[in-house]
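Structure below is coords_28.cif: mmCIF, C-alpha atoms.
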```cif
data_data
loop_
_atom_site.group_PDB
_atom_site.id
_atom_site.type_symbol
_atom_site.label_atom_id
_atom_site.label_comp_id
_atom_site.auth_asym_id
_atom_site.auth_seq_id
_atom_site.Cartn_x
_atom_site.Cartn_y
_atom_site.Cartn_z
ATOM 1 C CA MET D 299 -18.846 145.355 -22.237
ATOM 2 C CA LEU D 300 -20.915 146.396 -19.219
ATOM 3 C CA SER D 301 -22.092 143.632 -16.914
ATOM 4 C CA ALA D 302 -25.587 143.647 -15.426
ATOM 5 C CA GLU D 303 -24.061 144.830 -12.116
ATOM 6 C CA MET D 304 -22.299 147.733 -13.849
ATOM 7 C CA VAL D 305 -25.553 148.791 -15.504
ATOM 8 C CA ARG D 306 -27.295 148.609 -12.118
ATOM 9 C CA ILE D 307 -24.617 150.802 -10.496
ATOM 10 C CA LEU D 308 -24.764 153.389 -13.283
ATOM 11 C CA GLU D 309 -28.553 153.558 -13.334
ATOM 12 C CA LYS D 310 -28.740 153.860 -9.558
ATOM 13 C CA GLN D 311 -25.752 156.140 -9.049
ATOM 14 C CA ARG D 312 -25.828 158.167 -12.326
ATOM 15 C CA LEU D 313 -22.862 160.227 -11.113
ATOM 16 C CA GLY D 314 -19.703 159.451 -13.045
ATOM 17 C CA PHE D 315 -16.310 161.102 -12.908
ATOM 18 C CA VAL D 316 -15.154 161.734 -16.472
ATOM 19 C CA ALA D 317 -11.423 161.901 -17.195
ATOM 20 C CA THR D 318 -10.222 163.625 -20.362
ATOM 21 C CA VAL D 319 -6.960 165.139 -21.601
ATOM 22 C CA SER D 320 -6.554 168.646 -23.020
ATOM 23 C CA ALA D 321 -4.780 169.450 -26.285
ATOM 24 C CA GLU D 322 -1.820 170.517 -24.101
ATOM 25 C CA GLY D 323 -1.764 167.131 -22.350
ATOM 26 C CA ARG D 324 -3.297 168.313 -19.066
ATOM 27 C CA PRO D 325 -5.626 165.883 -17.295
ATOM 28 C CA ASN D 326 -9.155 166.944 -16.442
ATOM 29 C CA VAL D 327 -11.689 165.153 -14.238
ATOM 30 C CA SER D 328 -15.255 166.386 -14.134
ATOM 31 C CA PRO D 329 -18.330 164.886 -12.435
ATOM 32 C CA LYS D 330 -21.388 164.306 -14.624
ATOM 33 C CA GLY D 331 -24.787 163.427 -13.219
ATOM 34 C CA THR D 332 -26.802 162.753 -16.375
ATOM 35 C CA PHE D 333 -25.533 159.349 -17.470
ATOM 36 C CA VAL D 334 -27.718 156.883 -19.322
ATOM 37 C CA VAL D 335 -27.076 153.364 -20.575
ATOM 38 C CA MET D 336 -27.811 153.016 -24.279
ATOM 39 C CA ASP D 337 -26.766 149.361 -24.454
ATOM 40 C CA GLU D 338 -24.083 147.114 -22.901
ATOM 41 C CA ARG D 339 -21.392 148.759 -25.050
ATOM 42 C CA THR D 340 -22.579 152.374 -25.089
ATOM 43 C CA ILE D 341 -23.284 155.023 -22.455
ATOM 44 C CA ALA D 342 -23.964 158.730 -22.773
ATOM 45 C CA PHE D 343 -24.194 161.888 -20.724
ATOM 46 C CA GLY D 344 -25.788 165.246 -21.295
ATOM 47 C CA GLU D 345 -23.353 168.139 -21.079
ATOM 48 C CA ILE D 346 -24.827 171.199 -19.390
ATOM 49 C CA ARG D 347 -21.868 173.315 -18.325
ATOM 50 C CA SER D 348 -18.637 171.522 -19.058
ATOM 51 C CA PRO D 349 -16.986 173.391 -21.917
ATOM 52 C CA ASN D 350 -13.515 172.075 -20.980
ATOM 53 C CA THR D 351 -14.663 168.465 -21.204
ATOM 54 C CA ILE D 352 -16.196 169.071 -24.641
ATOM 55 C CA GLU D 353 -13.122 170.929 -25.892
ATOM 56 C CA ASN D 354 -10.838 168.156 -24.620
ATOM 57 C CA LEU D 355 -12.925 165.472 -26.322
ATOM 58 C CA LYS D 356 -12.805 167.377 -29.603
ATOM 59 C CA HIS D 357 -8.996 167.153 -29.512
ATOM 60 C CA PHE D 358 -8.666 163.690 -27.994
ATOM 61 C CA PRO D 359 -11.840 161.553 -27.846
ATOM 62 C CA ALA D 360 -10.426 158.933 -25.469
ATOM 63 C CA VAL D 361 -12.232 158.999 -22.132
ATOM 64 C CA GLU D 362 -12.454 157.070 -18.882
ATOM 65 C CA ILE D 363 -15.324 157.254 -16.428
ATOM 66 C CA ASN D 364 -15.437 156.009 -12.838
ATOM 67 C CA PHE D 365 -18.714 155.224 -11.105
ATOM 68 C CA VAL D 366 -18.459 154.509 -7.380
ATOM 69 C CA ASP D 367 -21.155 153.873 -4.803
ATOM 70 C CA PRO D 368 -19.721 155.825 -1.849
ATOM 71 C CA PHE D 369 -21.500 153.639 0.701
ATOM 72 C CA SER D 370 -20.489 150.212 -0.584
ATOM 73 C CA ARG D 371 -17.110 151.427 -1.881
ATOM 74 C CA LYS D 372 -17.732 149.436 -5.044
ATOM 75 C CA GLY D 373 -18.109 150.514 -8.631
ATOM 76 C CA PHE D 374 -16.540 150.255 -12.058
ATOM 77 C CA ARG D 375 -14.448 152.092 -14.595
ATOM 78 C CA ALA D 376 -15.251 152.263 -18.271
ATOM 79 C CA SER D 377 -12.907 153.413 -21.017
ATOM 80 C CA GLY D 378 -13.776 154.256 -24.576
ATOM 81 C CA HIS D 379 -14.100 156.838 -27.297
ATOM 82 C CA ALA D 380 -16.539 159.731 -27.274
ATOM 83 C CA ALA D 381 -18.631 161.213 -30.050
ATOM 84 C CA ILE D 382 -20.228 164.609 -29.479
ATOM 85 C CA ALA D 383 -23.736 165.497 -30.643
ATOM 86 C CA ALA D 384 -24.344 169.264 -30.450
ATOM 87 C CA VAL D 385 -27.702 171.013 -30.114
ATOM 88 C CA GLY D 386 -29.399 171.317 -33.490
ATOM 89 C CA THR D 387 -27.817 168.247 -35.071
ATOM 90 C CA ASP D 388 -29.661 165.127 -36.182
ATOM 91 C CA SER D 389 -27.644 163.072 -33.674
ATOM 92 C CA TYR D 390 -28.694 165.360 -30.838
ATOM 93 C CA ARG D 391 -32.362 165.087 -31.821
ATOM 94 C CA ARG D 392 -32.008 161.295 -32.010
ATOM 95 C CA TYR D 393 -30.579 161.022 -28.466
ATOM 96 C CA ILE D 394 -32.204 163.816 -26.442
ATOM 97 C CA GLY D 395 -35.230 161.668 -25.580
ATOM 98 C CA LEU D 396 -32.970 159.500 -23.405
ATOM 99 C CA PHE D 397 -32.677 162.416 -20.973
ATOM 100 C CA GLU D 398 -36.376 163.160 -20.390
ATOM 101 C CA ARG D 399 -36.176 161.889 -16.796
ATOM 102 C CA TRP D 400 -34.359 165.107 -15.912
ATOM 103 C CA ALA D 401 -37.349 167.201 -17.074
ATOM 104 C CA ALA D 402 -36.459 170.908 -17.197
ATOM 105 C CA LEU D 403 -32.765 170.185 -16.686
ATOM 106 C CA SER D 404 -32.723 168.280 -19.982
ATOM 107 C CA LEU D 405 -33.650 171.523 -21.758
ATOM 108 C CA ARG D 406 -30.221 172.887 -20.756
ATOM 109 C CA ILE D 407 -28.237 170.039 -22.358
ATOM 110 C CA ARG D 408 -25.955 171.575 -24.986
ATOM 111 C CA HIS D 409 -24.151 168.433 -26.092
ATOM 112 C CA ILE D 410 -24.790 164.736 -25.773
ATOM 113 C CA VAL D 411 -21.602 162.764 -25.379
ATOM 114 C CA VAL D 412 -21.968 159.177 -26.584
ATOM 115 C CA ILE D 413 -19.224 156.836 -25.387
ATOM 116 C CA ALA D 414 -18.424 153.586 -27.174
ATOM 117 C CA ILE D 415 -16.968 151.449 -24.405
ATOM 118 C CA THR D 416 -13.833 149.514 -25.250
ATOM 119 C CA GLU D 417 -13.065 148.259 -21.749
ATOM 120 C CA ALA D 418 -14.845 148.028 -18.392
ATOM 121 C CA SER D 419 -13.644 146.643 -15.074
ATOM 122 C CA CYS D 420 -14.856 146.471 -11.491
ATOM 123 C CA LEU D 421 -13.560 148.708 -8.706
ATOM 124 C CA THR D 422 -13.587 147.781 -5.033
ATOM 125 C CA SER D 423 -12.080 149.252 -1.918
ATOM 126 C CA PRO D 424 -9.109 147.478 -0.313
ATOM 127 C CA ILE D 425 -11.340 147.023 2.748
ATOM 128 C CA TYR D 426 -12.803 143.987 0.968
ATOM 129 C CA ASP D 427 -9.324 142.433 0.776
ATOM 130 C CA ASP D 428 -9.461 142.032 4.547
ATOM 131 C CA GLY D 429 -12.737 140.108 4.503
ATOM 132 C CA ALA D 430 -15.290 142.871 5.047
ATOM 133 C CA ASN D 431 -18.696 142.331 3.489
ATOM 134 C CA GLU D 432 -20.831 144.970 1.809
ATOM 135 C CA ALA D 433 -23.290 145.282 4.695
ATOM 136 C CA GLU D 434 -20.432 146.037 7.101
ATOM 137 C CA VAL D 435 -18.889 148.601 4.761
ATOM 138 C CA ARG D 436 -22.221 150.360 4.213
ATOM 139 C CA SER D 437 -22.909 150.428 7.935
ATOM 140 C CA GLN D 438 -19.451 151.844 8.691
ATOM 141 C CA TRP D 439 -19.851 154.691 6.179
ATOM 142 C CA MET D 440 -23.370 155.495 7.357
ATOM 143 C CA ARG D 441 -22.064 155.825 10.928
ATOM 144 C CA THR D 442 -19.244 158.053 9.675
ATOM 145 C CA LEU D 443 -21.657 160.338 7.838
ATOM 146 C CA GLN D 444 -24.020 160.561 10.790
ATOM 147 C CA SER D 445 -21.343 161.371 13.336
ATOM 148 C CA ASP D 446 -20.647 164.935 14.438
ATOM 149 C CA ASP D 447 -16.876 164.571 13.936
#
```

How does this structure look as structure tokens?
Amino acid sequence: MLSAEMVRILEKQRLGFVATVSAEGRPNVSPKGTFVVMDERTIAFGEIRSPNTIENLKHFPAVEINFVDPFSRKGFRASGHAAIAAVGTDSYRRYIGLFERWAALSLRIRHIVVIAITEASCLTSPIYDDGANEAEVRSQWMRTLQSDD
């Protein structure tokens, strides 16, 4: 089940890294930027140009997604099982309204992948093990990004 903090991260970040496995057993990780929270046990993303992810999920619907705020170095992972709703199906028509915030981009969604979450856990950088706080970590990464090195 997603905690309130996990929902906040997903809704703010929206970029999740989706891990699937091909029919041949090869791992595949693909970033998706159209995630929505349906409820505390269900998330979804709109597939625009990820045919390998869809093909993998057709063969093996198990999936894991990582969401990480790159500035705080905190996030979460969610595991579950995916169901695919293709353009033209009743399921697709039922879910497509969730993606209206992406305006014209939502018109390019070919599949909606609905993930029933079976497990979710927090992720944090080892930097927190040494006593760093979030403000310090954010500040450090902002300085790194702004430097010319």

Margin query: I need the output of the PyMOL selection byres ((chain D and resi 419) around 6) for this file as a list in words; which residues are they?
Written below: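 Evaluating the PyMOL selection byres ((chain D and resi 419) around 6) on these coordinates yields Phe374, Arg375, Ala418 and Cys420 of chain D.
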
Need the axis-aligned box for region 347-361 of chain D with 5 Å each side, so what are the centre and edges in Å to one decimal, as lines of an AutoDock Vina configuration file?
```
center_x = -15.3
center_y = 166.2
center_z = -24.0
size_x = 23.2
size_y = 24.5
size_z = 21.3
```

Next item on the list: Would you translate the PyMOL selection byres ((chain D and resi 390) around 12) into the concrete set of residues it matches in this file, as a list in words?
Entry: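 Selection result, ordered by chain and number: Ala342, Phe343, Gly344, Glu345, Ala381, Ile382, Ala383, Ala384, Val385, Gly386, Thr387, Asp388, Ser389, Arg391, Arg392, Tyr393, Ile394, Gly395, Leu396, Phe397, Ser404, Ile407, Arg408, His409, Ile410, Val411 and Val412 of chain D.
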
Note to self: Nearest residue to Ser370 (chain D) out of D:Glu353, D:Glu432, D:Asp337, D:Asp446, using all atoms listed in the file?
What the structure shows: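 Closest residue, counting all atoms listed in the file: D:Glu432.
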
Name all residues at most 10 Å from Val366 (chain D) (count only C-alpha atoms; drop same-chain ones fewer than 4 positions away) and give them as a PDB file with C-alpha atoms, in the frame of the given file.
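In the end it all went to around-v4.pdb:
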```
ATOM      1  CA  ILE D 307     -24.617 150.802 -10.496  1.00  0.00           C
ATOM      2  CA  LEU D 308     -24.764 153.389 -13.283  1.00  0.00           C
ATOM      3  CA  GLN D 311     -25.752 156.140  -9.049  1.00  0.00           C
ATOM      4  CA  ARG D 312     -25.828 158.167 -12.326  1.00  0.00           C
ATOM      5  CA  LEU D 313     -22.862 160.227 -11.113  1.00  0.00           C
ATOM      6  CA  GLY D 314     -19.703 159.451 -13.045  1.00  0.00           C
ATOM      7  CA  PHE D 315     -16.310 161.102 -12.908  1.00  0.00           C
ATOM      8  CA  SER D 370     -20.489 150.212  -0.584  1.00  0.00           C
ATOM      9  CA  ARG D 371     -17.110 151.427  -1.881  1.00  0.00           C
ATOM     10  CA  LYS D 372     -17.732 149.436  -5.044  1.00  0.00           C
ATOM     11  CA  GLY D 373     -18.109 150.514  -8.631  1.00  0.00           C
ATOM     12  CA  PHE D 374     -16.540 150.255 -12.058  1.00  0.00           C
ATOM     13  CA  ARG D 375     -14.448 152.092 -14.595  1.00  0.00           C
ATOM     14  CA  CYS D 420     -14.856 146.471 -11.491  1.00  0.00           C
ATOM     15  CA  LEU D 421     -13.560 148.708  -8.706  1.00  0.00           C
ATOM     16  CA  THR D 422     -13.587 147.781  -5.033  1.00  0.00           C
ATOM     17  CA  SER D 423     -12.080 149.252  -1.918  1.00  0.00           C
TER      18      SER D 423
END
```

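Nearest to Thr340 (chain D) of all the residues D:Pro325, D:Gly378, D:Pro359, D:Pro368 is D:Gly378, based on all atoms listed in the file.
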
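With distances taken over all atoms listed in the file, D:Met304 is the one residue among D:Trp439, D:Met304, D:Ala433, D:Leu355 lying closest to Ala376 (chain D).
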
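Of the listed residues (D:Ala321, D:Leu403, D:Ala380, D:Val335), D:Leu403 comes nearest to Arg347 (chain D); the distances count only C-alpha atoms.
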
Take the PyMOL selection byres ((chain D and resi 323) around 12), run it mentally on this structure, and tell me the resulting residues as a PDB file with C-alpha atoms, keeping the file's coordinate frame.
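What follows is the written file result12.pdb:
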```
ATOM      1  CA  THR D 318     -10.222 163.625 -20.362  1.00  0.00           C
ATOM      2  CA  VAL D 319      -6.960 165.139 -21.601  1.00  0.00           C
ATOM      3  CA  SER D 320      -6.554 168.646 -23.020  1.00  0.00           C
ATOM      4  CA  ALA D 321      -4.780 169.450 -26.285  1.00  0.00           C
ATOM      5  CA  GLU D 322      -1.820 170.517 -24.101  1.00  0.00           C
ATOM      6  CA  ARG D 324      -3.297 168.313 -19.066  1.00  0.00           C
ATOM      7  CA  PRO D 325      -5.626 165.883 -17.295  1.00  0.00           C
ATOM      8  CA  ASN D 326      -9.155 166.944 -16.442  1.00  0.00           C
ATOM      9  CA  ASN D 354     -10.838 168.156 -24.620  1.00  0.00           C
ATOM     10  CA  LEU D 355     -12.925 165.472 -26.322  1.00  0.00           C
ATOM     11  CA  HIS D 357      -8.996 167.153 -29.512  1.00  0.00           C
ATOM     12  CA  PHE D 358      -8.666 163.690 -27.994  1.00  0.00           C
TER      13      PHE D 358
END
```

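For the atom pair formed by CA of Met440 (chain D) and CA of Pro424 (chain D), the distance is 18.1 Å, given to one decimal.
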
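Going from CA of Glu309 (chain D) to CA of Trp400 (chain D) covers 13.2 Å.
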
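Computed from the coordinates, the CA of Gln438 (chain D) to CA of Pro329 (chain D) distance equals 24.9 Å.
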